[in-house]
$ cat upload39.cif   # mmCIF, C-alpha atoms
data_model
#
loop_
_atom_site.label_atom_id
_atom_site.label_comp_id
_atom_site.auth_asym_id
_atom_site.auth_seq_id
_atom_site.Cartn_x
_atom_site.Cartn_y
_atom_site.Cartn_z
CA MET A 1 0.00 0.00 0.00
CA MET A 2 1.41 3.39 -0.96
CA VAL A 3 1.48 6.25 1.53
CA GLY A 4 0.61 9.67 0.14
CA VAL A 5 3.50 12.13 -0.04
CA ALA A 6 1.48 14.85 1.68
CA ALA A 7 0.86 12.55 4.63
CA ILE A 8 4.49 11.69 5.24
CA ARG A 9 6.37 14.95 4.81
CA ASP A 10 5.85 16.07 8.38
CA CYS A 11 7.94 13.67 10.46
CA ARG A 12 6.34 14.79 13.70
CA LEU A 13 2.86 13.71 12.62
CA ILE A 14 3.85 10.24 11.47
CA HIS A 15 6.64 9.45 13.93
CA ASP A 16 4.76 6.58 15.61
CA ARG A 17 3.05 5.23 12.51
CA ILE A 18 5.67 4.71 9.82
CA HIS A 19 8.99 2.88 9.93
CA PRO A 20 11.81 5.46 10.36
CA MET A 21 13.52 4.52 7.10
CA VAL A 22 10.31 4.98 5.09
CA ARG A 23 9.51 8.19 6.95
CA CYS A 24 12.84 9.81 6.24
CA ARG A 25 13.04 8.76 2.62
CA ALA A 26 9.73 10.54 2.22
CA ALA A 27 10.98 13.61 4.08
CA ALA A 28 13.91 13.85 1.67
CA ALA A 29 11.88 13.09 -1.45
CA ASP A 30 11.84 16.70 -2.60
CA PHE A 31 15.66 16.62 -2.70
CA ARG A 32 15.78 13.47 -4.86
CA ILE A 33 17.91 11.69 -2.27
CA ASP A 34 20.34 9.09 -3.61
CA GLU A 35 18.59 5.95 -2.41
CA ALA A 36 21.30 3.79 -3.97
CA HIS A 37 23.76 5.16 -1.40
CA TRP A 38 21.30 4.60 1.44
CA HIS A 39 20.52 1.02 0.47
CA GLY A 40 24.18 0.33 -0.22
CA THR A 41 25.43 1.42 3.22
CA ARG A 42 22.64 1.06 5.75
CA ASP A 43 23.31 -2.64 6.42
CA HIS A 44 27.12 -2.48 6.51
CA ASP A 45 28.45 -4.09 9.67
CA VAL A 46 30.54 -1.38 11.31
CA ASN A 47 30.24 -2.64 14.88
CA GLN A 48 34.02 -3.04 14.98
CA ASN A 49 34.36 0.68 14.26
CA TYR A 50 31.73 1.68 16.82
CA ALA A 51 33.58 -0.33 19.47
CA ALA A 52 36.96 1.13 18.49
CA LEU A 53 35.72 4.66 19.18
CA LEU A 54 33.70 3.96 22.32
CA ASP A 55 36.32 1.72 23.94
CA ALA A 56 38.99 4.40 23.54
CA ILE A 57 37.02 7.23 25.16
CA GLU A 58 37.94 7.74 28.79
CA GLY A 59 35.42 8.22 31.56
CA ASP A 60 31.91 6.95 31.98
CA PRO A 61 29.22 7.22 29.31
CA PRO A 62 27.17 8.84 27.96
CA TYR A 63 29.63 10.59 25.68
CA SER A 64 29.38 13.66 23.48
CA ILE A 65 30.09 12.46 19.92
CA LEU A 66 30.40 14.22 16.56
CA ASP A 67 29.55 12.05 13.55
CA LEU A 68 31.65 13.69 10.83
CA GLY A 69 30.12 13.01 7.43
CA CYS A 70 27.04 11.42 8.93
CA GLY A 71 25.25 10.77 5.63
CA PRO A 72 21.61 9.69 6.09
CA GLY A 73 22.11 9.11 9.82
CA ARG A 74 22.72 5.40 10.32
CA ASP A 75 25.57 5.84 12.81
CA LEU A 76 23.94 8.81 14.52
CA ARG A 77 20.90 6.68 15.20
CA TYR A 78 23.06 3.89 16.63
CA PHE A 79 25.00 6.13 19.02
CA ARG A 80 21.82 7.87 20.12
CA SER A 81 20.21 4.49 20.83
CA LEU A 82 22.98 3.91 23.39
CA GLY A 83 22.15 7.16 25.14
CA HIS A 84 25.06 9.26 23.83
CA ASP A 85 24.80 12.99 23.09
CA VAL A 86 25.32 13.01 19.32
CA VAL A 87 25.67 15.70 16.68
CA GLY A 88 25.96 14.99 12.97
CA LEU A 89 27.71 16.99 10.28
CA ASP A 90 27.37 16.62 6.53
CA GLY A 91 27.80 18.80 3.47
CA SER A 92 24.81 17.38 1.62
CA THR A 93 21.50 19.16 2.12
CA GLU A 94 19.70 15.95 1.22
CA PHE A 95 21.56 13.83 3.76
CA VAL A 96 21.20 16.46 6.47
CA ALA A 97 17.41 16.41 6.06
CA MET A 98 17.35 12.64 6.12
CA ALA A 99 19.73 12.30 9.07
CA ARG A 100 17.78 14.79 11.19
CA CYS A 101 14.61 12.82 10.65
CA TYR A 102 16.05 9.33 10.87
CA SER A 103 18.23 9.90 13.95
CA GLU A 104 16.16 12.61 15.67
CA SER A 105 19.48 14.33 16.41
CA GLU A 106 21.05 17.69 15.75
CA VAL A 107 22.75 17.70 12.34
CA LEU A 108 24.93 20.55 11.05
CA ARG A 109 24.97 21.44 7.37
CA GLN A 110 28.67 22.26 6.87
CA ASP A 111 31.35 21.62 4.27
CA PHE A 112 34.49 19.91 5.57
CA LEU A 113 36.55 22.78 4.18
CA ALA A 114 34.48 25.46 5.91
CA MET A 115 33.59 24.02 9.31
CA LYS A 116 32.61 26.14 12.29
CA LEU A 117 32.79 23.88 15.31
CA PRO A 118 32.53 24.73 19.01
CA LYS A 119 35.71 24.57 21.04
CA SER A 120 36.26 21.59 23.37
CA ARG A 121 32.74 20.29 22.78
CA PHE A 122 33.13 16.57 22.03
CA GLU A 123 34.68 13.55 23.70
CA GLY A 124 34.74 11.58 20.47
CA ILE A 125 34.62 12.10 16.70
CA PHE A 126 33.44 9.32 14.41
CA ALA A 127 34.83 9.96 10.91
CA ASN A 128 33.76 6.81 9.11
CA ALA A 129 34.47 6.94 5.36
CA SER A 130 34.59 10.73 5.29
CA LEU A 131 38.01 12.35 5.73
CA PHE A 132 39.44 10.75 2.60
CA HIS A 133 37.43 13.33 0.64
CA VAL A 134 39.59 16.14 2.06
CA PRO A 135 42.48 17.13 -0.28
CA SER A 136 45.82 16.40 1.36
CA GLN A 137 46.85 20.08 1.24
CA GLU A 138 43.82 20.89 3.42
CA LEU A 139 44.26 18.03 5.89
CA PRO A 140 46.49 19.90 8.37
CA ARG A 141 43.90 22.66 8.83
CA VAL A 142 40.92 20.28 8.98
CA LEU A 143 42.63 17.99 11.48
CA ALA A 144 43.58 21.00 13.62
CA GLU A 145 39.91 22.07 13.67
CA LEU A 146 38.86 18.58 14.75
CA SER A 147 41.45 18.64 17.52
CA ALA A 148 40.13 21.99 18.71
CA THR A 149 36.54 20.74 18.98
CA LEU A 150 37.63 17.73 21.05
CA ARG A 151 37.94 17.92 24.80
CA SER A 152 41.22 17.07 26.53
CA ARG A 153 42.24 13.51 25.62
CA GLY A 154 39.28 13.20 23.29
CA VAL A 155 39.26 10.45 20.65
CA LEU A 156 39.20 10.67 16.86
CA PHE A 157 38.19 7.55 14.94
CA CYS A 158 38.84 7.45 11.18
CA SER A 159 38.19 4.83 8.54
CA ASN A 160 39.46 5.54 5.04
CA PRO A 161 40.11 3.47 1.92
CA ARG A 162 43.86 2.94 1.72
CA GLY A 163 46.12 3.26 -1.28
CA ASN A 164 49.52 4.37 -2.47
CA ASN A 165 49.12 8.08 -1.77
CA GLU A 166 47.09 8.88 -4.85
CA GLU A 167 44.50 11.65 -4.92
CA GLY A 168 42.26 13.44 -7.36
CA PHE A 169 38.76 13.67 -8.73
CA SER A 170 36.64 10.63 -9.53
CA GLY A 171 33.63 12.10 -11.24
CA ASP A 172 32.58 15.06 -9.09
CA ARG A 173 34.10 13.77 -5.86
CA TYR A 174 37.65 14.28 -4.65
CA SER A 175 39.38 11.39 -2.89
CA CYS A 176 42.73 10.71 -1.22
CA PHE A 177 43.96 7.14 -0.91
CA LEU A 178 46.82 7.26 1.58
CA ASP A 179 48.90 4.47 3.08
CA HIS A 180 49.18 4.05 6.83
CA ASP A 181 52.52 5.83 7.24
CA THR A 182 51.42 8.91 5.28
CA TRP A 183 48.10 9.14 7.09
CA ARG A 184 49.87 8.75 10.44
CA ASP A 185 52.22 11.62 9.58
CA TYR A 186 49.32 13.96 8.87
CA VAL A 187 47.38 13.11 12.03
CA THR A 188 50.35 13.14 14.41
CA ALA A 189 51.43 16.49 12.97
CA ALA A 190 48.05 17.81 14.15
CA GLY A 191 48.91 16.81 17.71
CA PHE A 192 47.19 13.43 17.96
CA LEU A 193 48.66 10.28 19.50
CA GLN A 194 47.90 6.98 17.79
CA VAL A 195 45.99 4.50 19.93
CA SER A 196 45.55 1.68 17.41
CA HIS A 197 44.91 0.78 13.79
CA TYR A 198 43.47 -2.16 11.90
CA TYR A 199 42.37 -3.12 8.42
CA ARG A 200 38.87 -4.00 7.19
CA PRO A 201 36.87 -6.03 6.39
CA PRO A 202 37.96 -8.42 9.16
CA GLY A 203 38.84 -12.01 8.33
CA LEU A 204 40.18 -11.35 4.83
CA PRO A 205 43.77 -11.44 3.55
CA ARG A 206 45.44 -8.04 3.68
CA HIS A 207 45.31 -7.47 -0.08
CA LYS A 208 41.51 -7.62 0.16
CA GLN A 209 41.28 -5.32 3.17
CA TRP A 210 40.90 -1.98 1.46
CA TRP A 211 39.91 0.03 4.52
CA LEU A 212 42.37 1.43 7.07
CA ALA A 213 40.82 2.22 10.46
CA THR A 214 42.78 4.34 12.93
CA VAL A 215 42.11 5.54 16.47
CA TRP A 216 43.74 8.71 17.86
CA ARG A 217 43.82 10.57 21.14
CA LYS A 218 44.16 14.32 21.39
CA GLY A 219 47.58 15.02 22.83
#
$ encode --input "upload39.cif" --output "structure tokens"
Amino acid sequence: MMVGVAAIRDCRLIHDRIHPMVRCRAAAADFRIDEAHWHGTRDHDVNQNYAALLDAIEGDPPYSILDLGCGPGRDLRYFRSLGHDVVGLDGSTEFVAMARCYSESEVLRQDFLAMKLPKSRFEGIFANASLFHVPSQELPRVLAELSATLRSRGVLFCSNPRGNNEEGFSGDRYSCFLDHDTWRDYVTAAGFLQVSHYYRPPGLPRHKQWWLATVWRKG
């Protein structure tokens, strides 16, 4: 049975009647949201990444967490379900609308290259598949801004596709594919101390583990 568009645009009126995923796809319909991205990522198992961030944060929960590049809000919704104080950030108007509705959290509409973040606000930053879109020449400034918005000894989690230090445009998106040593040099230069790193997906030989996950503590 189809639900009329007019009946599902106001998330507040349908909150208890329609599955959150259906509700928020409808809320973003006027933006022609990329459903292929949503369907392609919503069921990815990133529990290993969630645990890597949360286990590294010191003190007792709940934690204040920034989801950097939150997309449609999958990870925001997860952290909020655990009782954490979460804020999302994304450059896409479409994803911001969807994430606000799906996660029922605050979501900032900001470009990574023009962020305005509060000082010493967060205990953790979850940058899952996001920072590799920052050109390497801009990484020092962006990483310094992330350090500034973290509290003392706050934690930065990053997961990026690895490579041999290539970068450039692929279609309309810019990507950097850095190896571990190069990525480590950038992040440590911003004042972070490395806590751990691992490759994903788990259980595969290294040449099939295309994702480099790293955990950092603000120095």
$ atom_distance --input "upload39.cif" --atom1 "CA of Ala99 (chain A)" --atom2 "CA of Asp75 (chain A)"
9.5 Å
$ residues_around --input "upload39.cif" --residues "Arg217 (chain A)" --least-positions-apart "6" --cutoff "6 Å" --atoms "all atoms listed in the file" --output "ChimeraX atom specification"
/A:153-155,192-193
$ closest_residue --input "upload39.cif" --among "A:Pro118, A:Val46, A:His84, A:Gly71" --to "Val96 (chain A)" --atoms "all atoms listed in the file"
A:Gly71
$ closest_residue --input "upload39.cif" --among "A:Ser175, A:Ala148, A:Ile125, A:Asn164" --to "Ala56 (chain A)" --atoms "only C-alpha atoms"
A:Ile125
$ closest_residue --input "upload39.cif" --among "A:Leu76, A:Cys70, A:Leu82, A:Val134" --to "Arg109 (chain A)" --atoms "all atoms listed in the file"
A:Cys70
$ residues_near_point --input "upload39.cif" --point "(36.1, 10.9, 23.7)" --cutoff "12 Å" --atoms "all atoms listed in the file" --output "PDB file with C-alpha atoms, in the coordinates of the input"
ATOM      1  CA  ALA A  52      36.960   1.130  18.490  1.00  0.00           C
ATOM      2  CA  LEU A  53      35.720   4.660  19.180  1.00  0.00           C
ATOM      3  CA  LEU A  54      33.700   3.960  22.320  1.00  0.00           C
ATOM      4  CA  ASP A  55      36.320   1.720  23.940  1.00  0.00           C
ATOM      5  CA  ALA A  56      38.990   4.400  23.540  1.00  0.00           C
ATOM      6  CA  ILE A  57      37.020   7.230  25.160  1.00  0.00           C
ATOM      7  CA  GLU A  58      37.940   7.740  28.790  1.00  0.00           C
ATOM      8  CA  GLY A  59      35.420   8.220  31.560  1.00  0.00           C
ATOM      9  CA  ASP A  60      31.910   6.950  31.980  1.00  0.00           C
ATOM     10  CA  PRO A  61      29.220   7.220  29.310  1.00  0.00           C
ATOM     11  CA  PRO A  62      27.170   8.840  27.960  1.00  0.00           C
ATOM     12  CA  TYR A  63      29.630  10.590  25.680  1.00  0.00           C
ATOM     13  CA  SER A  64      29.380  13.660  23.480  1.00  0.00           C
ATOM     14  CA  ILE A  65      30.090  12.460  19.920  1.00  0.00           C
ATOM     15  CA  LEU A  66      30.400  14.220  16.560  1.00  0.00           C
ATOM     16  CA  HIS A  84      25.060   9.260  23.830  1.00  0.00           C
ATOM     17  CA  ASP A  85      24.800  12.990  23.090  1.00  0.00           C
ATOM     18  CA  VAL A  86      25.320  13.010  19.320  1.00  0.00           C
ATOM     19  CA  SER A 120      36.260  21.590  23.370  1.00  0.00           C
ATOM     20  CA  ARG A 121      32.740  20.290  22.780  1.00  0.00           C
ATOM     21  CA  PHE A 122      33.130  16.570  22.030  1.00  0.00           C
ATOM     22  CA  GLU A 123      34.680  13.550  23.700  1.00  0.00           C
ATOM     23  CA  GLY A 124      34.740  11.580  20.470  1.00  0.00           C
ATOM     24  CA  ILE A 125      34.620  12.100  16.700  1.00  0.00           C
ATOM     25  CA  PHE A 126      33.440   9.320  14.410  1.00  0.00           C
ATOM     26  CA  SER A 147      41.450  18.640  17.520  1.00  0.00           C
ATOM     27  CA  THR A 149      36.540  20.740  18.980  1.00  0.00           C
ATOM     28  CA  LEU A 150      37.630  17.730  21.050  1.00  0.00           C
ATOM     29  CA  ARG A 151      37.940  17.920  24.800  1.00  0.00           C
ATOM     30  CA  SER A 152      41.220  17.070  26.530  1.00  0.00           C
ATOM     31  CA  ARG A 153      42.240  13.510  25.620  1.00  0.00           C
ATOM     32  CA  GLY A 154      39.280  13.200  23.290  1.00  0.00           C
ATOM     33  CA  VAL A 155      39.260  10.450  20.650  1.00  0.00           C
ATOM     34  CA  LEU A 156      39.200  10.670  16.860  1.00  0.00           C
ATOM     35  CA  PHE A 157      38.190   7.550  14.940  1.00  0.00           C
ATOM     36  CA  VAL A 215      42.110   5.540  16.470  1.00  0.00           C
ATOM     37  CA  TRP A 216      43.740   8.710  17.860  1.00  0.00           C
ATOM     38  CA  ARG A 217      43.820  10.570  21.140  1.00  0.00           C
ATOM     39  CA  LYS A 218      44.160  14.320  21.390  1.00  0.00           C
TER      40      LYS A 218
END
$ closest_residue --input "upload39.cif" --among "A:Ser136, A:Gln194, A:Gln209, A:Thr214" --to "Asn49 (chain A)" --atoms "all atoms listed in the file"
A:Thr214
$ residues_near_point --input "upload39.cif" --point "(36.9, 16.8, -6.3)" --cutoff "12 Å" --atoms "all atoms listed in the file" --output "list in words"
Phe132, His133, Val134, Pro135, Ser136, Glu167, Gly168, Phe169, Ser170, Gly171, Asp172, Arg173, Tyr174, Ser175 and Cys176 of chain A
$ axis_aligned_box --input "upload39.cif" --around "region 103-114 of chain A" --padding-each-side "5 Å" --output "JSON"
{"center_x": 26.4, "center_y": 17.7, "center_z": 10.3, "size_x": 30.4, "size_y": 25.6, "size_z": 22.2}
$ resolve_selection --input "upload39.cif" --expression "the PyMOL selection byres ((chain A and resi 105) around 10)" --output "PyMOL selection string"
chain A and resi 73+76-77+80+85-88+99-104+106-108
$ write_last_selection --input "upload39.cif" --atoms "C-alpha atoms" --output "compact mmCIF listing (two decimals), keeping the file's coordinate frame"
# COMPACT_ATOMS: atom_id res chain seq x y z
CA GLY A 73 22.11 9.11 9.82
CA LEU A 76 23.94 8.81 14.52
CA ARG A 77 20.90 6.68 15.20
CA ARG A 80 21.82 7.87 20.12
CA ASP A 85 24.80 12.99 23.09
CA VAL A 86 25.32 13.01 19.32
CA VAL A 87 25.67 15.70 16.68
CA GLY A 88 25.96 14.99 12.97
CA ALA A 99 19.73 12.30 9.07
CA ARG A 100 17.78 14.79 11.19
CA CYS A 101 14.61 12.82 10.65
CA TYR A 102 16.05 9.33 10.87
CA SER A 103 18.23 9.90 13.95
CA GLU A 104 16.16 12.61 15.67
CA GLU A 106 21.05 17.69 15.75
CA VAL A 107 22.75 17.70 12.34
CA LEU A 108 24.93 20.55 11.05
$ atom_distance --input "upload39.cif" --atom1 "CA of Lys208 (chain A)" --atom2 "CA of Ser196 (chain A)"
20.0 Å
$ atom_distance --input "upload39.cif" --atom1 "CA of Lys116 (chain A)" --atom2 "CA of Leu146 (chain A)"
10.1 Å
$ closest_residue --input "upload39.cif" --among "A:Ala51, A:Cys158, A:Leu68, A:Leu113" --to "Glu138 (chain A)" --atoms "all atoms listed in the file"
A:Leu113
$ resolve_selection --input "upload39.cif" --expression "the PyMOL selection byres ((chain A and resi 112) around 9)" --output "compact mmCIF listing (two decimals) with C-alpha atoms, keeping the file's coordinate frame"
# COMPACT_ATOMS: atom_id res chain seq x y z
CA LEU A 68 31.65 13.69 10.83
CA GLY A 69 30.12 13.01 7.43
CA LEU A 89 27.71 16.99 10.28
CA ASP A 90 27.37 16.62 6.53
CA GLY A 91 27.80 18.80 3.47
CA GLN A 110 28.67 22.26 6.87
CA ASP A 111 31.35 21.62 4.27
CA LEU A 113 36.55 22.78 4.18
CA ALA A 114 34.48 25.46 5.91
CA MET A 115 33.59 24.02 9.31
CA LEU A 131 38.01 12.35 5.73
CA HIS A 133 37.43 13.33 0.64
CA VAL A 134 39.59 16.14 2.06
CA VAL A 142 40.92 20.28 8.98
$ closest_residue --input "upload39.cif" --among "A:Ala127, A:Leu143, A:Met98, A:Leu212" --to "Phe177 (chain A)" --atoms "only C-alpha atoms"
A:Leu212
$ resolve_selection --input "upload39.cif" --expression "the PyMOL selection byres ((chain A and resi 210) around 9)" --output "MDAnalysis selection string"
chainID A and resid 160:163 199:201 206:209 211:212
$ decode --input "upload39.cif" --residues "region 105-198 of chain A" --atoms "C-alpha atoms" --output "PDB file, in the first residue's frame"
ATOM      1  CA  SER A 105      19.476  14.332  16.412  1.00  0.00           C
ATOM      2  CA  GLU A 106      21.053  17.693  15.753  1.00  0.00           C
ATOM      3  CA  VAL A 107      22.753  17.704  12.343  1.00  0.00           C
ATOM      4  CA  LEU A 108      24.929  20.554  11.051  1.00  0.00           C
ATOM      5  CA  ARG A 109      24.975  21.437   7.365  1.00  0.00           C
ATOM      6  CA  GLN A 110      28.668  22.264   6.867  1.00  0.00           C
ATOM      7  CA  ASP A 111      31.345  21.622   4.268  1.00  0.00           C
ATOM      8  CA  PHE A 112      34.486  19.910   5.568  1.00  0.00           C
ATOM      9  CA  LEU A 113      36.552  22.778   4.179  1.00  0.00           C
ATOM     10  CA  ALA A 114      34.485  25.463   5.911  1.00  0.00           C
ATOM     11  CA  MET A 115      33.591  24.017   9.307  1.00  0.00           C
ATOM     12  CA  LYS A 116      32.605  26.145  12.287  1.00  0.00           C
ATOM     13  CA  LEU A 117      32.794  23.878  15.308  1.00  0.00           C
ATOM     14  CA  PRO A 118      32.529  24.735  19.010  1.00  0.00           C
ATOM     15  CA  LYS A 119      35.713  24.569  21.044  1.00  0.00           C
ATOM     16  CA  SER A 120      36.256  21.594  23.374  1.00  0.00           C
ATOM     17  CA  ARG A 121      32.743  20.290  22.777  1.00  0.00           C
ATOM     18  CA  PHE A 122      33.131  16.571  22.031  1.00  0.00           C
ATOM     19  CA  GLU A 123      34.679  13.550  23.700  1.00  0.00           C
ATOM     20  CA  GLY A 124      34.736  11.575  20.469  1.00  0.00           C
ATOM     21  CA  ILE A 125      34.621  12.102  16.704  1.00  0.00           C
ATOM     22  CA  PHE A 126      33.440   9.319  14.409  1.00  0.00           C
ATOM     23  CA  ALA A 127      34.832   9.958  10.913  1.00  0.00           C
ATOM     24  CA  ASN A 128      33.760   6.811   9.108  1.00  0.00           C
ATOM     25  CA  ALA A 129      34.473   6.939   5.361  1.00  0.00           C
ATOM     26  CA  SER A 130      34.585  10.729   5.295  1.00  0.00           C
ATOM     27  CA  LEU A 131      38.006  12.348   5.731  1.00  0.00           C
ATOM     28  CA  PHE A 132      39.445  10.752   2.603  1.00  0.00           C
ATOM     29  CA  HIS A 133      37.428  13.328   0.635  1.00  0.00           C
ATOM     30  CA  VAL A 134      39.585  16.144   2.058  1.00  0.00           C
ATOM     31  CA  PRO A 135      42.480  17.127  -0.280  1.00  0.00           C
ATOM     32  CA  SER A 136      45.817  16.405   1.355  1.00  0.00           C
ATOM     33  CA  GLN A 137      46.854  20.077   1.244  1.00  0.00           C
ATOM     34  CA  GLU A 138      43.816  20.885   3.417  1.00  0.00           C
ATOM     35  CA  LEU A 139      44.256  18.026   5.892  1.00  0.00           C
ATOM     36  CA  PRO A 140      46.491  19.902   8.367  1.00  0.00           C
ATOM     37  CA  ARG A 141      43.902  22.656   8.825  1.00  0.00           C
ATOM     38  CA  VAL A 142      40.923  20.281   8.976  1.00  0.00           C
ATOM     39  CA  LEU A 143      42.626  17.994  11.483  1.00  0.00           C
ATOM     40  CA  ALA A 144      43.577  20.997  13.625  1.00  0.00           C
ATOM     41  CA  GLU A 145      39.910  22.067  13.669  1.00  0.00           C
ATOM     42  CA  LEU A 146      38.863  18.577  14.746  1.00  0.00           C
ATOM     43  CA  SER A 147      41.445  18.637  17.518  1.00  0.00           C
ATOM     44  CA  ALA A 148      40.129  21.994  18.712  1.00  0.00           C
ATOM     45  CA  THR A 149      36.543  20.744  18.977  1.00  0.00           C
ATOM     46  CA  LEU A 150      37.632  17.726  21.047  1.00  0.00           C
ATOM     47  CA  ARG A 151      37.937  17.924  24.800  1.00  0.00           C
ATOM     48  CA  SER A 152      41.217  17.071  26.525  1.00  0.00           C
ATOM     49  CA  ARG A 153      42.244  13.508  25.624  1.00  0.00           C
ATOM     50  CA  GLY A 154      39.281  13.199  23.291  1.00  0.00           C
ATOM     51  CA  VAL A 155      39.256  10.454  20.650  1.00  0.00           C
ATOM     52  CA  LEU A 156      39.199  10.674  16.858  1.00  0.00           C
ATOM     53  CA  PHE A 157      38.193   7.553  14.935  1.00  0.00           C
ATOM     54  CA  CYS A 158      38.839   7.449  11.181  1.00  0.00           C
ATOM     55  CA  SER A 159      38.194   4.834   8.538  1.00  0.00           C
ATOM     56  CA  ASN A 160      39.458   5.542   5.036  1.00  0.00           C
ATOM     57  CA  PRO A 161      40.108   3.474   1.922  1.00  0.00           C
ATOM     58  CA  ARG A 162      43.856   2.943   1.717  1.00  0.00           C
ATOM     59  CA  GLY A 163      46.124   3.259  -1.281  1.00  0.00           C
ATOM     60  CA  ASN A 164      49.523   4.365  -2.472  1.00  0.00           C
ATOM     61  CA  ASN A 165      49.122   8.081  -1.769  1.00  0.00           C
ATOM     62  CA  GLU A 166      47.088   8.878  -4.850  1.00  0.00           C
ATOM     63  CA  GLU A 167      44.503  11.646  -4.921  1.00  0.00           C
ATOM     64  CA  GLY A 168      42.260  13.442  -7.362  1.00  0.00           C
ATOM     65  CA  PHE A 169      38.757  13.666  -8.725  1.00  0.00           C
ATOM     66  CA  SER A 170      36.641  10.632  -9.533  1.00  0.00           C
ATOM     67  CA  GLY A 171      33.628  12.096 -11.236  1.00  0.00           C
ATOM     68  CA  ASP A 172      32.575  15.060  -9.093  1.00  0.00           C
ATOM     69  CA  ARG A 173      34.105  13.767  -5.861  1.00  0.00           C
ATOM     70  CA  TYR A 174      37.652  14.283  -4.652  1.00  0.00           C
ATOM     71  CA  SER A 175      39.385  11.392  -2.892  1.00  0.00           C
ATOM     72  CA  CYS A 176      42.734  10.706  -1.218  1.00  0.00           C
ATOM     73  CA  PHE A 177      43.965   7.141  -0.913  1.00  0.00           C
ATOM     74  CA  LEU A 178      46.816   7.259   1.580  1.00  0.00           C
ATOM     75  CA  ASP A 179      48.902   4.470   3.077  1.00  0.00           C
ATOM     76  CA  HIS A 180      49.183   4.053   6.835  1.00  0.00           C
ATOM     77  CA  ASP A 181      52.516   5.833   7.236  1.00  0.00           C
ATOM     78  CA  THR A 182      51.422   8.910   5.277  1.00  0.00           C
ATOM     79  CA  TRP A 183      48.105   9.138   7.094  1.00  0.00           C
ATOM     80  CA  ARG A 184      49.874   8.752  10.440  1.00  0.00           C
ATOM     81  CA  ASP A 185      52.222  11.620   9.582  1.00  0.00           C
ATOM     82  CA  TYR A 186      49.319  13.963   8.872  1.00  0.00           C
ATOM     83  CA  VAL A 187      47.384  13.113  12.027  1.00  0.00           C
ATOM     84  CA  THR A 188      50.348  13.137  14.410  1.00  0.00           C
ATOM     85  CA  ALA A 189      51.431  16.495  12.971  1.00  0.00           C
ATOM     86  CA  ALA A 190      48.048  17.807  14.152  1.00  0.00           C
ATOM     87  CA  GLY A 191      48.914  16.806  17.713  1.00  0.00           C
ATOM     88  CA  PHE A 192      47.192  13.426  17.956  1.00  0.00           C
ATOM     89  CA  LEU A 193      48.661  10.284  19.504  1.00  0.00           C
ATOM     90  CA  GLN A 194      47.900   6.984  17.794  1.00  0.00           C
ATOM     91  CA  VAL A 195      45.986   4.499  19.933  1.00  0.00           C
ATOM     92  CA  SER A 196      45.551   1.678  17.409  1.00  0.00           C
ATOM     93  CA  HIS A 197      44.908   0.776  13.792  1.00  0.00           C
ATOM     94  CA  TYR A 198      43.469  -2.161  11.896  1.00  0.00           C
TER      95      TYR A 198
END
